[in-house]
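Below: one structure, written as structure tokens.
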Amino acid sequence: MNPNDLVTLGTAYAAHKGYTLSTVSTYAAQSGSFLGRLQAGKWCHINTYNRALNWFVENWPDDLQWPAGIPRPADQKRSARDKSRGAA
């Protein structure tokens, strides 16, 4: 777990979408100051980290490359949709 990874994801996503970091922070963690606090060297609870990371996985734009050096977890919602479509 590296909180700086969330800042990197948030910064890339914000730049791509034309949002502020606090807007992306609100979407990803339900707190406009979350990513700014991480950027300032603060830590977060593992559940908050995972929730934010999952938000990025589920909402990452197809036309934006996932930042190198940050492991990308599988998109559980997309995997479930793909499995249900294949089972029909």
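Letters A, B, ... go to the chains of the structure tokens in the order shown; residues in each chain start at 1; ligands are counted from 1 in the same order.
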Identify, on the basis of only C-alpha atoms, every residue whose closest approach to Val57 (chain A) does not exceed 8 Å; exclude the query and any residue fewer than 4 positions from it along the same chain; express the result as a compact mmCIF listing (two decimals) with all heavy atoms, in the first residue's frame.
```txt
# COMPACT_ATOMS: atom_id res chain seq x y z
N LEU A 53 -9.04 3.23 -4.34
CA LEU A 53 -8.39 2.48 -5.41
C LEU A 53 -9.43 1.79 -6.29
O LEU A 53 -9.35 1.82 -7.53
CB LEU A 53 -7.40 1.46 -4.85
CG LEU A 53 -6.63 0.63 -5.88
CD1 LEU A 53 -5.81 1.52 -6.81
CD2 LEU A 53 -5.73 -0.37 -5.17
N ARG A 72 -2.44 -2.58 -11.08
CA ARG A 72 -3.87 -2.34 -11.30
C ARG A 72 -4.67 -3.59 -10.93
O ARG A 72 -4.57 -4.61 -11.61
CB ARG A 72 -4.15 -1.97 -12.75
CG ARG A 72 -5.60 -1.61 -12.97
CD ARG A 72 -5.86 -1.12 -14.37
NE ARG A 72 -7.24 -0.66 -14.48
CZ ARG A 72 -7.72 -0.02 -15.52
NH1 ARG A 72 -6.93 0.25 -16.54
NH2 ARG A 72 -8.97 0.35 -15.54
N PRO A 73 -5.48 -3.48 -9.89
CA PRO A 73 -6.33 -4.63 -9.53
C PRO A 73 -7.37 -4.88 -10.61
O PRO A 73 -7.71 -3.98 -11.39
CB PRO A 73 -7.01 -4.19 -8.23
CG PRO A 73 -6.31 -2.96 -7.79
CD PRO A 73 -5.63 -2.37 -8.99
N ALA A 74 -7.88 -6.09 -10.64
CA ALA A 74 -8.94 -6.42 -11.59
C ALA A 74 -10.20 -5.63 -11.23
O ALA A 74 -10.48 -5.39 -10.06
CB ALA A 74 -9.24 -7.91 -11.55
N ASP A 75 -10.95 -5.24 -12.24
CA ASP A 75 -12.22 -4.56 -12.04
C ASP A 75 -13.27 -5.61 -11.73
O ASP A 75 -13.75 -6.31 -12.62
CB ASP A 75 -12.58 -3.76 -13.28
CG ASP A 75 -13.85 -2.95 -13.14
OD1 ASP A 75 -14.65 -3.22 -12.21
OD2 ASP A 75 -14.06 -2.05 -13.97
```
Need to verify the contact set: Leu21 (chain A), 12 Å, only C-alpha atoms, exclusion of same-chain residues closer than 6 positions in sequence. Can you return it as a PDB file with N, CA and C atoms, in the first residue's frame?
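Result file is selection.pdb:
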```
ATOM      1  N   LEU A   6      -2.271   6.664  -4.928  1.00  0.00           N
ATOM      2  CA  LEU A   6      -3.585   7.280  -5.088  1.00  0.00           C
ATOM      3  C   LEU A   6      -3.461   8.724  -5.563  1.00  0.00           C
ATOM      4  N   VAL A   7      -2.452   9.420  -5.070  1.00  0.00           N
ATOM      5  CA  VAL A   7      -2.222  10.794  -5.520  1.00  0.00           C
ATOM      6  C   VAL A   7      -1.853  10.799  -7.001  1.00  0.00           C
ATOM      7  N   THR A   8      -1.005   9.865  -7.415  1.00  0.00           N
ATOM      8  CA  THR A   8      -0.625   9.767  -8.825  1.00  0.00           C
ATOM      9  C   THR A   8      -1.849   9.476  -9.688  1.00  0.00           C
ATOM     10  N   LEU A   9      -2.671   8.538  -9.256  1.00  0.00           N
ATOM     11  CA  LEU A   9      -3.888   8.213  -9.999  1.00  0.00           C
ATOM     12  C   LEU A   9      -4.819   9.419 -10.065  1.00  0.00           C
ATOM     13  N   GLY A  10      -4.995  10.064  -8.921  1.00  0.00           N
ATOM     14  CA  GLY A  10      -5.886  11.221  -8.864  1.00  0.00           C
ATOM     15  C   GLY A  10      -5.410  12.368  -9.735  1.00  0.00           C
ATOM     16  N   THR A  11      -4.116  12.614  -9.729  1.00  0.00           N
ATOM     17  CA  THR A  11      -3.555  13.695 -10.535  1.00  0.00           C
ATOM     18  C   THR A  11      -3.717  13.412 -12.030  1.00  0.00           C
ATOM     19  N   ALA A  12      -3.433  12.182 -12.435  1.00  0.00           N
ATOM     20  CA  ALA A  12      -3.580  11.810 -13.849  1.00  0.00           C
ATOM     21  C   ALA A  12      -5.045  11.887 -14.280  1.00  0.00           C
ATOM     22  N   TYR A  13      -5.931  11.370 -13.441  1.00  0.00           N
ATOM     23  CA  TYR A  13      -7.361  11.383 -13.760  1.00  0.00           C
ATOM     24  C   TYR A  13      -7.867  12.824 -13.851  1.00  0.00           C
ATOM     25  N   ALA A  14      -7.481  13.661 -12.888  1.00  0.00           N
ATOM     26  CA  ALA A  14      -7.918  15.061 -12.871  1.00  0.00           C
ATOM     27  C   ALA A  14      -7.449  15.794 -14.124  1.00  0.00           C
ATOM     28  N   ALA A  15      -6.191  15.609 -14.493  1.00  0.00           N
ATOM     29  CA  ALA A  15      -5.654  16.278 -15.679  1.00  0.00           C
ATOM     30  C   ALA A  15      -6.380  15.819 -16.942  1.00  0.00           C
ATOM     31  N   TYR A  27     -15.027  12.307  -5.539  1.00  0.00           N
ATOM     32  CA  TYR A  27     -15.564  11.134  -6.231  1.00  0.00           C
ATOM     33  C   TYR A  27     -14.982   9.841  -5.677  1.00  0.00           C
ATOM     34  N   ALA A  28     -13.671   9.817  -5.514  1.00  0.00           N
ATOM     35  CA  ALA A  28     -12.984   8.577  -5.151  1.00  0.00           C
ATOM     36  C   ALA A  28     -13.132   8.211  -3.675  1.00  0.00           C
ATOM     37  N   ALA A  29     -13.190   9.211  -2.802  1.00  0.00           N
ATOM     38  CA  ALA A  29     -13.150   8.919  -1.365  1.00  0.00           C
ATOM     39  C   ALA A  29     -14.224   9.651  -0.558  1.00  0.00           C
ATOM     40  N   SER A  31     -14.486  12.645   0.020  1.00  0.00           N
ATOM     41  CA  SER A  31     -13.859  13.714   0.795  1.00  0.00           C
ATOM     42  C   SER A  31     -12.983  14.548  -0.134  1.00  0.00           C
ATOM     43  N   GLY A  32     -13.314  15.804  -0.272  1.00  0.00           N
ATOM     44  CA  GLY A  32     -12.549  16.671  -1.152  1.00  0.00           C
ATOM     45  C   GLY A  32     -11.121  16.897  -0.714  1.00  0.00           C
ATOM     46  N   SER A  33     -10.830  16.651   0.545  1.00  0.00           N
ATOM     47  CA  SER A  33      -9.469  16.884   1.041  1.00  0.00           C
ATOM     48  C   SER A  33      -8.624  15.613   1.116  1.00  0.00           C
ATOM     49  N   PHE A  34      -9.214  14.462   0.823  1.00  0.00           N
ATOM     50  CA  PHE A  34      -8.519  13.185   1.006  1.00  0.00           C
ATOM     51  C   PHE A  34      -7.192  13.115   0.245  1.00  0.00           C
ATOM     52  N   LEU A  35      -7.219  13.345  -1.060  1.00  0.00           N
ATOM     53  CA  LEU A  35      -5.991  13.228  -1.850  1.00  0.00           C
ATOM     54  C   LEU A  35      -4.991  14.316  -1.480  1.00  0.00           C
ATOM     55  N   GLY A  36      -5.469  15.489  -1.126  1.00  0.00           N
ATOM     56  CA  GLY A  36      -4.580  16.556  -0.668  1.00  0.00           C
ATOM     57  C   GLY A  36      -3.873  16.191   0.627  1.00  0.00           C
ATOM     58  N   ARG A  37      -4.590  15.525   1.527  1.00  0.00           N
ATOM     59  CA  ARG A  37      -3.968  15.076   2.772  1.00  0.00           C
ATOM     60  C   ARG A  37      -2.887  14.037   2.484  1.00  0.00           C
ATOM     61  N   LEU A  38      -3.171  13.120   1.567  1.00  0.00           N
ATOM     62  CA  LEU A  38      -2.150  12.128   1.199  1.00  0.00           C
ATOM     63  C   LEU A  38      -0.944  12.819   0.565  1.00  0.00           C
ATOM     64  N   GLN A  39      -1.226  13.793  -0.267  1.00  0.00           N
ATOM     65  CA  GLN A  39      -0.156  14.535  -0.936  1.00  0.00           C
ATOM     66  C   GLN A  39       0.727  15.253   0.094  1.00  0.00           C
TER      67      GLN A  39
END
```
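Using only C-alpha atoms for every distance, the candidate list A:Trp43, A:Trp66, A:Pro71, A:Trp60 yields A:Trp60 as the residue closest to Val24 (chain A).
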One decimal place gives the CA of Ala40 (chain A)-CA of Ile70 (chain A) separation as 19.5 Å
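Across the structure, CA of Lys42 (chain A) and CA of Trp55 (chain A) are spaced 20.0 Å apart.
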Could you work out how far CA of Glu58 (chain A) lies from CA of Ile46 (chain A), giving the answer in Å with one decimal?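 Pair CA of Ile46 (chain A) / CA of Glu58 (chain A) returns 18.1 Å.
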Pull the helix (DSSP H, G or I) assignments for region 26-68 of chain A out of DSSP run on the backbone, and list those residues as a ChimeraX atom specification. /A:26-29,34-39,46-59
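Between Gly69 (chain A) and the candidates A:Asn54, A:Cys44, A:Tyr49, A:Asn2, the tightest atom-to-atom separation, counting only C-alpha atoms, involves A:Asn2.
Distances here use only C-alpha atoms; by that measure, the residue among A:Pro67, A:Pro61, A:Gly18, A:Gly41 closest to Asp5 (chain A) is A:Pro67.
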